[in-house]
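Dumped start.csv below, it's CSV, C-alpha atoms:
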chain,number,residue,atom,x,y,z
A,1,MET,CA,35.5,171.0,94.5
A,2,ASN,CA,34.2,171.0,98.1
A,3,PHE,CA,31.3,168.6,98.2
A,4,CYS,CA,30.5,165.1,96.9
A,5,SER,CA,28.2,165.3,93.9
A,6,HIS,CA,26.8,161.9,94.8
A,7,CYS,CA,25.9,162.2,98.6
A,8,GLY,CA,26.6,165.9,99.4
A,9,GLY,CA,29.4,165.0,101.9
A,10,LYS,CA,32.6,167.0,102.3
A,11,VAL,CA,35.5,165.9,100.0
A,12,HIS,CA,39.2,166.1,100.8
A,13,LEU,CA,42.2,165.6,98.7
A,14,ARG,CA,44.0,162.3,99.2
A,15,VAL,CA,45.7,159.6,97.2
A,16,PRO,CA,43.3,156.6,96.8
A,17,VAL,CA,44.7,153.1,97.4
A,18,GLY,CA,46.4,151.9,94.2
A,19,ASP,CA,46.5,155.4,92.8
A,20,ASP,CA,49.5,157.7,92.5
A,21,ARG,CA,48.0,161.2,92.7
A,22,PRO,CA,45.6,163.1,94.9
A,23,ARG,CA,41.9,163.0,94.0
A,24,HIS,CA,38.9,164.5,95.6
A,25,VAL,CA,37.5,161.7,97.8
A,26,CYS,CA,34.3,162.0,99.8
A,27,ARG,CA,34.7,161.7,103.6
A,28,ALA,CA,31.2,160.3,103.9
A,29,CYS,CA,30.6,157.8,101.1
A,30,GLY,CA,34.2,157.3,99.8
A,31,MET,CA,33.5,158.1,96.2
A,32,VAL,CA,36.5,159.2,94.2
A,33,HIS,CA,35.9,162.2,91.9
A,34,TYR,CA,38.2,162.3,88.9
A,35,ARG,CA,38.9,165.3,86.8
A,36,ASN,CA,40.1,165.0,83.3
A,37,PRO,CA,41.0,167.2,80.3
A,38,VAL,CA,38.1,168.4,78.2
A,39,MET,CA,38.1,168.2,74.4
A,40,VAL,CA,37.3,171.1,72.2
A,41,VAL,CA,36.4,170.3,68.6
A,42,GLY,CA,36.1,172.6,65.6
A,43,CYS,CA,37.1,173.2,62.0
A,44,ILE,CA,38.6,175.4,59.3
A,45,PRO,CA,35.6,175.8,56.9
A,46,GLN,CA,36.9,176.4,53.4
A,47,TRP,CA,35.2,178.0,50.4
A,48,GLU,CA,37.3,178.4,47.3
A,49,ASP,CA,40.5,180.0,48.5
A,50,LYS,CA,38.9,181.5,51.6
A,51,VAL,CA,38.3,180.4,55.2
A,52,LEU,CA,35.4,181.2,57.4
A,53,LEU,CA,36.1,183.3,60.5
A,54,CYS,CA,33.7,184.3,63.4
A,55,ARG,CA,33.9,187.4,65.4
A,56,ARG,CA,33.2,186.5,69.0
A,57,ASN,CA,30.0,187.9,70.5
A,58,ILE,CA,30.7,186.4,73.9
A,59,GLU,CA,33.4,186.5,76.5
A,60,PRO,CA,36.2,185.6,76.7
A,61,ARG,CA,37.8,187.7,73.9
A,62,LYS,CA,34.6,189.2,72.7
A,63,GLY,CA,35.2,191.1,69.5
A,64,LYS,CA,38.2,189.0,68.5
A,65,TRP,CA,38.2,186.6,65.6
A,66,THR,CA,38.2,182.8,65.8
A,67,LEU,CA,37.4,179.6,64.0
A,68,PRO,CA,34.2,177.7,64.9
A,69,ALA,CA,35.0,175.4,67.8
A,70,GLY,CA,33.6,174.4,71.2
A,71,TYR,CA,33.4,171.7,73.9
A,72,LEU,CA,32.6,168.2,72.8
A,73,GLU,CA,29.4,167.1,74.4
A,74,ASN,CA,28.4,163.8,75.8
A,75,GLY,CA,26.6,161.7,73.2
A,76,GLU,CA,28.3,163.0,70.1
A,77,THR,CA,31.3,162.0,68.0
A,78,VAL,CA,34.3,164.4,67.6
A,79,MET,CA,33.1,165.0,64.0
A,80,ASP,CA,29.5,165.6,65.0
A,81,GLY,CA,30.7,168.1,67.6
A,82,ALA,CA,32.7,170.0,65.0
A,83,LEU,CA,29.7,170.1,62.6
A,84,ARG,CA,27.4,171.3,65.4
A,85,GLU,CA,29.8,174.1,66.5
A,86,THR,CA,30.2,175.3,63.0
A,87,TRP,CA,26.4,175.5,62.6
A,88,GLU,CA,25.9,177.1,66.1
A,89,GLU,CA,28.6,179.7,65.7
A,90,ALA,CA,28.6,180.5,62.0
A,91,GLY,CA,25.3,179.1,60.6
A,92,ALA,CA,27.3,177.2,58.1
A,93,ARG,CA,27.1,173.6,56.9
A,94,VAL,CA,30.4,171.9,56.3
A,95,THR,CA,31.3,168.5,54.8
A,96,SER,CA,34.3,166.3,54.0
A,97,LEU,CA,35.9,166.8,57.4
A,98,GLU,CA,39.5,165.7,57.7
A,99,PRO,CA,41.3,165.5,61.0
A,100,TYR,CA,44.1,168.0,60.9
A,101,LEU,CA,45.6,169.3,64.1
A,102,LEU,CA,45.5,168.3,67.7
A,103,PHE,CA,46.6,170.8,70.3
A,104,ASP,CA,47.5,170.0,73.9
A,105,ILE,CA,46.8,173.0,76.1
A,106,VAL,CA,48.0,171.4,79.3
A,107,TYR,CA,47.8,174.5,81.5
A,108,VAL,CA,44.0,174.7,81.0
A,109,ASN,CA,43.5,170.9,80.7
A,110,GLN,CA,42.1,171.2,77.2
A,111,VAL,CA,42.7,169.1,74.0
A,112,TYR,CA,41.7,170.8,70.8
A,113,LEU,CA,40.9,168.7,67.7
A,114,MET,CA,40.6,170.8,64.6
A,115,PHE,CA,39.4,169.5,61.2
A,116,ARG,CA,39.7,170.9,57.7
A,117,ALA,CA,36.3,171.1,56.1
A,118,SER,CA,34.5,172.2,52.9
A,119,MET,CA,31.5,174.5,52.7
A,120,GLU,CA,28.9,173.1,50.3
A,121,THR,CA,27.6,176.6,49.6
A,122,PRO,CA,29.0,180.0,50.7
A,123,HIS,CA,26.2,180.4,53.2
A,124,PHE,CA,26.6,181.5,56.8
A,125,THR,CA,25.0,183.9,59.2
A,126,THR,CA,25.7,185.9,62.4
A,127,THR,CA,24.6,183.9,65.4
A,128,ALA,CA,24.1,184.4,69.2
A,129,GLU,CA,27.8,183.6,69.5
A,130,SER,CA,29.2,185.5,66.6
A,131,SER,CA,28.5,189.2,65.8
A,132,GLU,CA,30.2,188.9,62.4
A,133,VAL,CA,31.0,185.9,60.2
A,134,LEU,CA,33.2,186.3,57.1
A,135,LEU,CA,34.9,184.4,54.4
A,136,VAL,CA,38.5,185.7,54.1
A,137,ARG,CA,41.5,185.2,52.0
A,138,GLU,CA,44.9,184.5,53.6
A,139,GLU,CA,46.0,188.2,53.1
A,140,GLU,CA,42.9,189.4,54.9
A,141,ILE,CA,43.4,187.4,58.1
A,142,PRO,CA,43.3,189.8,61.1
A,143,TRP,CA,46.4,188.2,62.6
A,144,ASN,CA,46.5,190.8,65.5
A,145,ASP,CA,42.9,190.2,66.4
A,146,ILE,CA,42.7,186.4,66.6
A,147,ALA,CA,41.0,185.4,69.9
A,148,PHE,CA,43.2,182.5,70.9
A,149,ARG,CA,46.7,181.5,70.2
A,150,VAL,CA,45.6,178.0,69.4
A,151,MET,CA,43.5,179.4,66.5
A,152,GLU,CA,46.3,181.7,65.4
A,153,LYS,CA,48.6,178.6,65.2
A,154,CYS,CA,45.9,176.5,63.5
A,155,LEU,CA,45.5,179.2,60.8
A,156,ALA,CA,49.2,179.7,60.3
A,157,ARG,CA,49.8,176.0,59.9
A,158,PHE,CA,46.9,175.7,57.5
A,159,PHE,CA,48.3,178.4,55.1
A,160,ALA,CA,51.8,177.0,55.4
A,161,ASP,CA,50.5,173.5,54.6
A,162,ARG,CA,48.3,174.8,51.7
A,163,LEU,CA,51.4,176.3,50.1
A,164,GLN,CA,53.1,172.8,50.3
A,165,GLY,CA,49.9,171.1,49.0
A,166,ALA,CA,49.8,168.6,51.9
A,167,PHE,CA,47.9,168.5,55.2
A,168,PRO,CA,49.4,165.8,57.4
A,169,PHE,CA,47.8,165.2,60.8
A,170,ARG,CA,49.9,166.8,63.5
A,171,ILE,CA,50.0,167.1,67.3
A,172,ARG,CA,51.2,170.4,68.7
A,173,GLN,CA,51.3,172.0,72.2
A,174,ILE,CA,50.4,175.5,73.2
A,175,GLN,CA,52.7,176.7,76.0
A,176,ARG,CA,51.4,179.1,78.6
A,177,HIS,CA,53.8,182.0,77.9
A,178,SER,CA,55.0,181.6,74.3
A,179,ARG,CA,53.6,183.4,71.3
B,1,MET,CA,24.8,163.8,90.2
B,2,ASN,CA,22.7,164.9,93.1
B,3,PHE,CA,24.6,167.7,94.8
B,4,CYS,CA,26.5,170.8,93.9
B,5,SER,CA,30.3,170.1,94.2
B,6,HIS,CA,30.8,173.8,94.9
B,7,CYS,CA,28.3,174.6,97.7
B,8,GLY,CA,26.7,171.2,98.5
B,9,GLY,CA,23.2,172.4,97.4
B,10,LYS,CA,20.8,170.1,95.5
B,11,VAL,CA,21.1,170.1,91.8
B,12,HIS,CA,18.3,169.7,89.2
B,13,LEU,CA,18.3,169.1,85.5
B,14,ARG,CA,17.3,172.2,83.5
B,15,VAL,CA,18.3,174.0,80.3
B,16,PRO,CA,20.4,177.1,81.3
B,17,VAL,CA,19.6,180.4,79.6
B,18,GLY,CA,21.4,180.5,76.2
B,19,ASP,CA,22.0,176.7,76.2
B,20,ASP,CA,20.2,174.0,74.3
B,21,ARG,CA,20.4,171.0,76.5
B,22,PRO,CA,19.7,170.0,80.1
B,23,ARG,CA,22.6,170.4,82.6
B,24,HIS,CA,22.9,169.8,86.3
B,25,VAL,CA,22.2,173.2,87.8
B,26,CYS,CA,22.5,174.0,91.5
B,27,ARG,CA,19.3,175.2,93.1
B,28,ALA,CA,21.2,177.1,95.8
B,29,CYS,CA,24.2,178.8,94.1
B,30,GLY,CA,23.1,178.5,90.4
B,31,MET,CA,26.4,176.8,89.3
B,32,VAL,CA,26.0,174.8,86.0
B,33,HIS,CA,27.9,171.5,86.1
B,34,TYR,CA,28.9,170.3,82.7
B,35,ARG,CA,29.8,166.7,81.8
B,36,ASN,CA,32.0,165.9,78.8
B,37,PRO,CA,33.6,162.9,77.2
B,38,VAL,CA,36.8,161.6,78.6
B,39,MET,CA,39.9,160.8,76.6
B,40,VAL,CA,41.7,157.5,76.8
B,41,VAL,CA,45.2,157.4,75.4
B,42,GLY,CA,47.4,154.4,74.7
B,43,CYS,CA,49.7,152.8,72.1
B,44,ILE,CA,50.7,149.8,70.1
B,45,PRO,CA,54.2,149.2,71.3
B,46,GLN,CA,56.3,147.5,68.5
B,47,TRP,CA,59.4,145.5,68.7
B,48,GLU,CA,60.7,143.9,65.5
B,49,ASP,CA,57.6,142.2,64.0
B,50,LYS,CA,55.8,141.9,67.4
B,51,VAL,CA,53.4,144.0,69.4
B,52,LEU,CA,53.2,144.2,73.2
B,53,LEU,CA,50.0,142.9,74.8
B,54,CYS,CA,49.0,143.1,78.5
B,55,ARG,CA,46.8,140.6,80.3
B,56,ARG,CA,44.5,142.6,82.6
B,57,ASN,CA,44.9,142.1,86.3
B,58,ILE,CA,42.0,144.3,87.2
B,59,GLU,CA,38.3,144.5,86.3
B,60,PRO,CA,36.6,145.0,84.0
B,61,ARG,CA,37.7,142.1,81.7
B,62,LYS,CA,40.3,140.7,84.1
B,63,GLY,CA,42.3,138.0,82.5
B,64,LYS,CA,41.7,139.3,79.0
B,65,TRP,CA,44.3,140.9,76.7
B,66,THR,CA,44.7,144.5,75.8
B,67,LEU,CA,47.0,147.2,74.6
B,68,PRO,CA,48.4,149.7,77.2
B,69,ALA,CA,45.9,152.6,77.5
B,70,GLY,CA,44.2,154.6,80.2
B,71,TYR,CA,42.5,157.9,81.1
B,72,LEU,CA,44.3,161.1,80.1
B,73,GLU,CA,45.1,163.0,83.3
B,74,ASN,CA,44.9,166.7,83.9
B,75,GLY,CA,48.4,168.3,83.5
B,76,GLU,CA,49.7,165.9,80.7
B,77,THR,CA,49.8,165.9,77.0
B,78,VAL,CA,48.1,163.1,75.0
B,79,MET,CA,51.5,161.7,74.2
B,80,ASP,CA,52.8,161.9,77.8
B,81,GLY,CA,49.6,160.1,78.8
B,82,ALA,CA,50.3,157.3,76.4
B,83,LEU,CA,53.9,157.0,77.6
B,84,ARG,CA,52.8,156.9,81.2
B,85,GLU,CA,50.2,154.2,80.6
B,86,THR,CA,52.6,152.1,78.8
B,87,TRP,CA,55.1,152.3,81.7
B,88,GLU,CA,52.4,151.7,84.3
B,89,GLU,CA,50.7,148.8,82.6
B,90,ALA,CA,53.6,147.1,80.9
B,91,GLY,CA,56.8,148.4,82.4
B,92,ALA,CA,57.9,149.4,78.9
B,93,ARG,CA,59.5,152.5,77.5
B,94,VAL,CA,58.4,153.5,74.1
B,95,THR,CA,59.5,156.2,71.7
B,96,SER,CA,58.7,157.7,68.2
B,97,LEU,CA,54.9,157.9,69.0
B,98,GLU,CA,52.8,158.5,65.9
B,99,PRO,CA,49.1,159.4,66.2
B,100,TYR,CA,47.3,156.5,64.5
B,101,LEU,CA,43.6,155.9,65.4
B,102,LEU,CA,40.9,157.9,67.1
B,103,PHE,CA,37.8,156.0,68.2
B,104,ASP,CA,34.6,157.6,69.3
B,105,ILE,CA,32.7,155.4,71.8
B,106,VAL,CA,29.7,157.6,72.2
B,107,TYR,CA,27.6,155.3,74.3
B,108,VAL,CA,30.2,155.5,77.2
B,109,ASN,CA,31.3,159.1,76.4
B,110,GLN,CA,34.9,158.1,75.7
B,111,VAL,CA,37.3,159.1,72.9
B,112,TYR,CA,40.3,156.8,72.5
B,113,LEU,CA,43.5,158.1,70.9
B,114,MET,CA,45.9,155.4,70.0
B,115,PHE,CA,49.5,155.9,68.9
B,116,ARG,CA,51.9,153.6,67.1
B,117,ALA,CA,55.2,153.4,69.1
B,118,SER,CA,58.6,151.7,69.1
B,119,MET,CA,60.2,149.9,72.0
B,120,GLU,CA,63.8,150.9,72.4
B,121,THR,CA,64.6,147.6,74.0
B,122,PRO,CA,62.5,144.4,74.4
B,123,HIS,CA,62.1,145.1,78.1
B,124,PHE,CA,58.8,144.9,80.0
B,125,THR,CA,57.4,143.5,83.2
B,126,THR,CA,54.2,142.4,84.8
B,127,THR,CA,52.7,145.3,86.9
B,128,ALA,CA,49.9,145.8,89.4
B,129,GLU,CA,47.6,146.2,86.4
B,130,SER,CA,48.9,143.4,84.2
B,131,SER,CA,49.3,139.8,85.3
B,132,GLU,CA,51.2,139.0,82.1
B,133,VAL,CA,52.9,141.1,79.4
B,134,LEU,CA,54.0,139.5,76.1
B,135,LEU,CA,55.5,140.4,72.8
B,136,VAL,CA,53.4,138.6,70.2
B,137,ARG,CA,53.5,138.1,66.4
B,138,GLU,CA,50.3,138.7,64.4
B,139,GLU,CA,49.5,135.0,64.2
B,140,GLU,CA,49.8,134.7,68.0
B,141,ILE,CA,47.2,137.4,68.8
B,142,PRO,CA,44.5,135.9,71.0
B,143,TRP,CA,41.7,137.4,69.0
B,144,ASN,CA,39.0,135.7,71.1
B,145,ASP,CA,40.4,137.0,74.3
B,146,ILE,CA,40.9,140.7,73.6
B,147,ALA,CA,39.4,142.7,76.5
B,148,PHE,CA,37.7,145.5,74.5
B,149,ARG,CA,36.3,145.8,71.0
B,150,VAL,CA,38.2,149.1,70.5
B,151,MET,CA,41.5,147.2,71.1
B,152,GLU,CA,40.4,144.4,68.8
B,153,LYS,CA,39.7,146.9,66.0
B,154,CYS,CA,42.9,148.8,66.7
B,155,LEU,CA,45.0,145.7,66.4
B,156,ALA,CA,43.1,144.5,63.3
B,157,ARG,CA,43.6,147.9,61.6
B,158,PHE,CA,47.3,147.9,62.5
B,159,PHE,CA,48.0,144.5,60.9
B,160,ALA,CA,45.9,145.4,57.8
B,161,ASP,CA,47.8,148.7,57.4
B,162,ARG,CA,51.2,147.0,58.0
B,163,LEU,CA,50.4,144.7,55.1
B,164,GLN,CA,49.8,147.8,53.0
B,165,GLY,CA,52.9,149.5,54.4
B,166,ALA,CA,51.1,152.8,55.3
B,167,PHE,CA,49.5,153.9,58.6
B,168,PRO,CA,47.3,156.9,57.8
B,169,PHE,CA,45.6,158.6,60.8
B,170,ARG,CA,41.9,157.6,60.9
B,171,ILE,CA,38.8,158.2,63.0
B,172,ARG,CA,36.5,155.3,63.6
B,173,GLN,CA,33.4,154.7,65.8
B,174,ILE,CA,32.6,151.8,68.1
B,175,GLN,CA,28.9,151.1,68.0
B,176,ARG,CA,27.2,149.6,71.0
B,177,HIS,CA,26.0,146.4,69.5
B,178,SER,CA,28.2,145.6,66.6
B,179,ARG,CA,31.2,143.3,66.6
Entire entry expressed as structure tokens:
Amino acid sequence: MNFCSHCGGKVHLRVPVGDDRPRHVCRACGMVHYRNPVMVVGCIPQWEDKVLLCRRNIEPRKGKWTLPAGYLENGETVMDGALRETWEEAGARVTSLEPYLLFDIVYVNQVYLMFRASMETPHFTTTAESSEVLLVREEEIPWNDIAFRVMEKCLARFFADRLQGAFPFRIRQIQRHSR
Amino acid sequence: MNFCSHCGGKVHLRVPVGDDRPRHVCRACGMVHYRNPVMVVGCIPQWEDKVLLCRRNIEPRKGKWTLPAGYLENGETVMDGALRETWEEAGARVTSLEPYLLFDIVYVNQVYLMFRASMETPHFTTTAESSEVLLVREEEIPWNDIAFRVMEKCLARFFADRLQGAFPFRIRQIQRHSR
């Protein structure tokens, strides 16, 4: 950040009065510009004993597999965001969303909120964002070709919990260098 | 938003290629500026059968009562944020945080994540942000002087769940005009 989005003046980093950390403050109008973590919302769409995976048609990790998820937009609830992303990325309608896993990814300032969800029908399509969309059984998961560690951990947790027959809501952290 | 925070050029609202909604796009350098909901994290600090309330020393709702909570900062987990806010606003250390309620407040683009937490000792202090901090029993809650509806609903849910002896994680929405 170099310029004030309000007045166009130059910003500098300083600790505002009453604050405890540096912020981008405008030298001209004094406006303080805060930056905060962004939420990513998505789901594990389930049909019978299968889950729906999307093959990314866009960078980053084009060609790798993932679960439908994306940035929460202003004006929508976390659940609406997960529904929208599932539709946009997989052409699938899901229902009965249950909050399932929250992942802190501090090093990129993201918070993932993943739901479990049911597909009403086994319908889905490729989309601008997904070159392939597939319903897969646990033994068919392409573990070495999952796009993001957060999705790998989400899927692994899901199958472990399914074996136990219970899906408690959990918070986990993705570390920068761990597998 | 009037100016590009990257180059200082003027921005206008347009739908970027491949997008489906208007964004602030710089006329000079083309950068797209996204705006997303902000997370607020906090907790219900518990000591014996009491909860810890803070009387706001700052606007908005100065003089009204609330639970410790505030904006999640870059570089911290949701749990760390709740711990920090509890320390900053109430001078209290809490432990055993359990995710409890998520509130969508779409009309202000905020997502609240509230934890239940235990106080290790009944220690707390007034702070720059709180003119008074108190441990109160359910029957002492100043229901007519709670600063924000989200906190009123959070407290009401907590006491209802405590009566049932179970605190399932739930997602709720705060509507603009409802009580």
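Excluding Asp49 of chain A itself and any same-chain residue fewer than 2 positions from it, the protein and nucleic acid residues within 9 Å of it, counting only C-alpha atoms, are Gln46, Trp47, Val51, Val136, Arg137 and Glu138 of chain A.
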I'm after chain B in the frame of chain A: fit it by least squares over all Cα atoms matched in order, and give me the output as a tab-separated table (two decimals) with C-alpha atoms, in the coordinates of the input.
chain	number	residue	atom	x	y	z
B	1	MET	CA	35.47	171.02	94.53
B	2	ASN	CA	34.20	171.04	98.06
B	3	PHE	CA	31.34	168.56	98.19
B	4	CYS	CA	30.53	165.09	97.01
B	5	SER	CA	28.19	165.31	93.93
B	6	HIS	CA	26.82	161.90	94.89
B	7	CYS	CA	25.91	162.23	98.60
B	8	GLY	CA	26.67	165.91	99.40
B	9	GLY	CA	29.41	164.96	101.95
B	10	LYS	CA	32.65	166.98	102.25
B	11	VAL	CA	35.45	165.95	100.03
B	12	HIS	CA	39.21	166.03	100.79
B	13	LEU	CA	42.27	165.62	98.66
B	14	ARG	CA	44.02	162.27	99.22
B	15	VAL	CA	45.76	159.56	97.19
B	16	PRO	CA	43.30	156.58	96.86
B	17	VAL	CA	44.67	153.09	97.48
B	18	GLY	CA	46.34	151.84	94.25
B	19	ASP	CA	46.53	155.38	92.75
B	20	ASP	CA	49.47	157.70	92.46
B	21	ARG	CA	48.01	161.12	92.68
B	22	PRO	CA	45.66	163.13	94.89
B	23	ARG	CA	41.92	163.01	94.00
B	24	HIS	CA	38.86	164.52	95.58
B	25	VAL	CA	37.59	161.78	97.84
B	26	CYS	CA	34.33	161.96	99.79
B	27	ARG	CA	34.73	161.69	103.53
B	28	ALA	CA	31.20	160.33	103.95
B	29	CYS	CA	30.59	157.84	101.09
B	30	GLY	CA	34.24	157.29	99.92
B	31	MET	CA	33.45	158.16	96.23
B	32	VAL	CA	36.61	159.24	94.26
B	33	HIS	CA	35.89	162.15	91.91
B	34	TYR	CA	38.20	162.25	88.97
B	35	ARG	CA	38.91	165.32	86.81
B	36	ASN	CA	40.15	164.98	83.23
B	37	PRO	CA	40.93	167.19	80.29
B	38	VAL	CA	38.13	168.36	78.13
B	39	MET	CA	38.05	168.15	74.36
B	40	VAL	CA	37.31	171.10	72.14
B	41	VAL	CA	36.42	170.34	68.56
B	42	GLY	CA	36.13	172.71	65.62
B	43	CYS	CA	37.10	173.22	61.96
B	44	ILE	CA	38.55	175.41	59.29
B	45	PRO	CA	35.64	175.81	56.96
B	46	GLN	CA	36.91	176.39	53.33
B	47	TRP	CA	35.23	177.92	50.41
B	48	GLU	CA	37.27	178.41	47.24
B	49	ASP	CA	40.51	180.07	48.47
B	50	LYS	CA	38.86	181.51	51.65
B	51	VAL	CA	38.36	180.38	55.20
B	52	LEU	CA	35.39	181.23	57.44
B	53	LEU	CA	36.14	183.34	60.52
B	54	CYS	CA	33.72	184.27	63.35
B	55	ARG	CA	33.90	187.44	65.41
B	56	ARG	CA	33.11	186.47	69.02
B	57	ASN	CA	29.98	187.88	70.53
B	58	ILE	CA	30.63	186.42	73.93
B	59	GLU	CA	33.47	186.51	76.47
B	60	PRO	CA	36.23	185.65	76.74
B	61	ARG	CA	37.84	187.65	73.86
B	62	LYS	CA	34.61	189.27	72.68
B	63	GLY	CA	35.11	191.14	69.50
B	64	LYS	CA	38.08	189.05	68.47
B	65	TRP	CA	38.20	186.55	65.58
B	66	THR	CA	38.19	182.82	65.74
B	67	LEU	CA	37.44	179.60	63.97
B	68	PRO	CA	34.19	177.71	64.90
B	69	ALA	CA	35.00	175.38	67.84
B	70	GLY	CA	33.54	174.43	71.17
B	71	TYR	CA	33.34	171.76	73.90
B	72	LEU	CA	32.65	168.19	72.77
B	73	GLU	CA	29.35	167.12	74.34
B	74	ASN	CA	28.47	163.77	75.81
B	75	GLY	CA	26.54	161.65	73.21
B	76	GLU	CA	28.37	163.02	70.03
B	77	THR	CA	31.28	162.02	67.98
B	78	VAL	CA	34.26	164.39	67.53
B	79	MET	CA	33.13	165.04	64.00
B	80	ASP	CA	29.46	165.63	64.93
B	81	GLY	CA	30.76	168.06	67.56
B	82	ALA	CA	32.67	169.99	64.97
B	83	LEU	CA	29.67	170.09	62.64
B	84	ARG	CA	27.43	171.30	65.41
B	85	GLU	CA	29.79	174.08	66.46
B	86	THR	CA	30.14	175.27	63.02
B	87	TRP	CA	26.34	175.50	62.61
B	88	GLU	CA	25.90	177.14	66.00
B	89	GLU	CA	28.65	179.69	65.69
B	90	ALA	CA	28.57	180.46	62.00
B	91	GLY	CA	25.33	179.17	60.58
B	92	ALA	CA	27.37	177.13	58.09
B	93	ARG	CA	27.13	173.58	56.89
B	94	VAL	CA	30.36	171.87	56.23
B	95	THR	CA	31.27	168.50	54.78
B	96	SER	CA	34.33	166.25	53.96
B	97	LEU	CA	35.87	166.80	57.49
B	98	GLU	CA	39.49	165.70	57.68
B	99	PRO	CA	41.27	165.43	61.05
B	100	TYR	CA	44.08	168.00	60.82
B	101	LEU	CA	45.58	169.33	64.11
B	102	LEU	CA	45.51	168.25	67.72
B	103	PHE	CA	46.68	170.79	70.29
B	104	ASP	CA	47.43	170.00	73.87
B	105	ILE	CA	46.83	173.03	76.14
B	106	VAL	CA	47.94	171.45	79.35
B	107	TYR	CA	47.80	174.50	81.54
B	108	VAL	CA	43.93	174.72	81.05
B	109	ASN	CA	43.43	170.92	80.70
B	110	GLN	CA	42.05	171.19	77.17
B	111	VAL	CA	42.77	169.15	74.02
B	112	TYR	CA	41.67	170.82	70.78
B	113	LEU	CA	40.92	168.71	67.71
B	114	MET	CA	40.63	170.71	64.58
B	115	PHE	CA	39.36	169.44	61.24
B	116	ARG	CA	39.73	170.82	57.74
B	117	ALA	CA	36.24	171.08	56.10
B	118	SER	CA	34.51	172.23	52.92
B	119	MET	CA	31.50	174.49	52.70
B	120	GLU	CA	28.96	173.14	50.29
B	121	THR	CA	27.67	176.61	49.62
B	122	PRO	CA	29.01	180.06	50.67
B	123	HIS	CA	26.17	180.43	53.15
B	124	PHE	CA	26.59	181.59	56.76
B	125	THR	CA	25.03	183.97	59.22
B	126	THR	CA	25.75	185.89	62.35
B	127	THR	CA	24.53	183.90	65.44
B	128	ALA	CA	24.07	184.48	69.16
B	129	GLU	CA	27.76	183.62	69.51
B	130	SER	CA	29.16	185.52	66.55
B	131	SER	CA	28.55	189.19	65.86
B	132	GLU	CA	30.13	188.83	62.41
B	133	VAL	CA	31.02	185.88	60.17
B	134	LEU	CA	33.26	186.37	57.10
B	135	LEU	CA	34.91	184.42	54.37
B	136	VAL	CA	38.47	185.74	54.19
B	137	ARG	CA	41.53	185.19	51.95
B	138	GLU	CA	44.91	184.53	53.61
B	139	GLU	CA	46.05	188.12	53.16
B	140	GLU	CA	42.86	189.37	54.87
B	141	ILE	CA	43.35	187.37	58.10
B	142	PRO	CA	43.36	189.77	61.05
B	143	TRP	CA	46.38	188.19	62.63
B	144	ASN	CA	46.49	190.75	65.46
B	145	ASP	CA	42.93	190.17	66.39
B	146	ILE	CA	42.69	186.38	66.60
B	147	ALA	CA	40.95	185.46	69.88
B	148	PHE	CA	43.15	182.49	70.93
B	149	ARG	CA	46.73	181.47	70.27
B	150	VAL	CA	45.57	177.92	69.35
B	151	MET	CA	43.44	179.44	66.52
B	152	GLU	CA	46.32	181.65	65.43
B	153	LYS	CA	48.62	178.61	65.16
B	154	CYS	CA	45.94	176.54	63.47
B	155	LEU	CA	45.39	179.13	60.80
B	156	ALA	CA	49.15	179.71	60.35
B	157	ARG	CA	49.75	175.94	59.95
B	158	PHE	CA	46.89	175.67	57.46
B	159	PHE	CA	48.24	178.39	55.14
B	160	ALA	CA	51.82	176.99	55.41
B	161	ASP	CA	50.58	173.48	54.55
B	162	ARG	CA	48.36	174.78	51.69
B	163	LEU	CA	51.48	176.32	50.17
B	164	GLN	CA	53.08	172.88	50.36
B	165	GLY	CA	49.92	171.20	49.07
B	166	ALA	CA	49.78	168.55	51.88
B	167	PHE	CA	47.90	168.60	55.21
B	168	PRO	CA	49.40	165.83	57.35
B	169	PHE	CA	47.74	165.25	60.77
B	170	ARG	CA	49.95	166.74	63.53
B	171	ILE	CA	49.97	167.16	67.30
B	172	ARG	CA	51.23	170.41	68.69
B	173	GLN	CA	51.34	172.00	72.19
B	174	ILE	CA	50.36	175.49	73.29
B	175	GLN	CA	52.69	176.65	76.02
B	176	ARG	CA	51.47	179.11	78.59
B	177	HIS	CA	53.82	181.93	77.90
B	178	SER	CA	54.98	181.62	74.37
B	179	ARG	CA	53.57	183.39	71.35
Item checked: Shell around segment 92-102 of chain B at 6 Å using all atoms listed in the file, local window under 2 positions removed, as a list in words -> Thr86, Trp87, Ala90, Tyr112, Leu113, Met114, Phe115, Arg116, Ala117, Ser118, Met119, Phe124, Phe169, Arg170 and Ile171 of chain B
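Neighbouring residues of segment 59-62 of chain A at 10 Å or closer, counting only C-alpha atoms and skipping chain neighbours under 6 positions away, are Glu129, Ser130, Ser131, Asp145, Ile146, Ala147 and Phe148 of chain A.
By all atoms listed in the file, and with residues fewer than 3 positions from Arg84 of chain A along its chain excluded, the set lying at most 9 Å from it is Gly42, Ala69, Met79, Asp80, Gly81, Trp87, Glu88, Glu89 and Arg93 of chain A.
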Margin query: Within 8 Å of chain B, which residues belong to chain A? Use only C-alpha atoms and report them as a PyMOL selection string.
Written below: chain A and resi 1-9+35-39+71-78+99+104-107+109+169-171+173
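In this structure, atom CA of Gly91 of chain B sits 27.5 Å away from atom CA of His24 of chain A.
Across the model, the gap from atom CA of Thr126 of chain A to atom CA of Pro45 of chain A is 15.2 Å.
Protein and nucleic acid residues near (43.1, 134.5, 73.8) are Leu53, Cys54, Arg55, Gly63, Lys64, Trp65, Thr66, Val136, Glu139, Glu140, Ile141, Pro142, Trp143, Asn144, Asp145, Ile146, Ala147 and Glu152 of chain B, the criterion being any atom at most 12 Å away using all atoms listed in the file.
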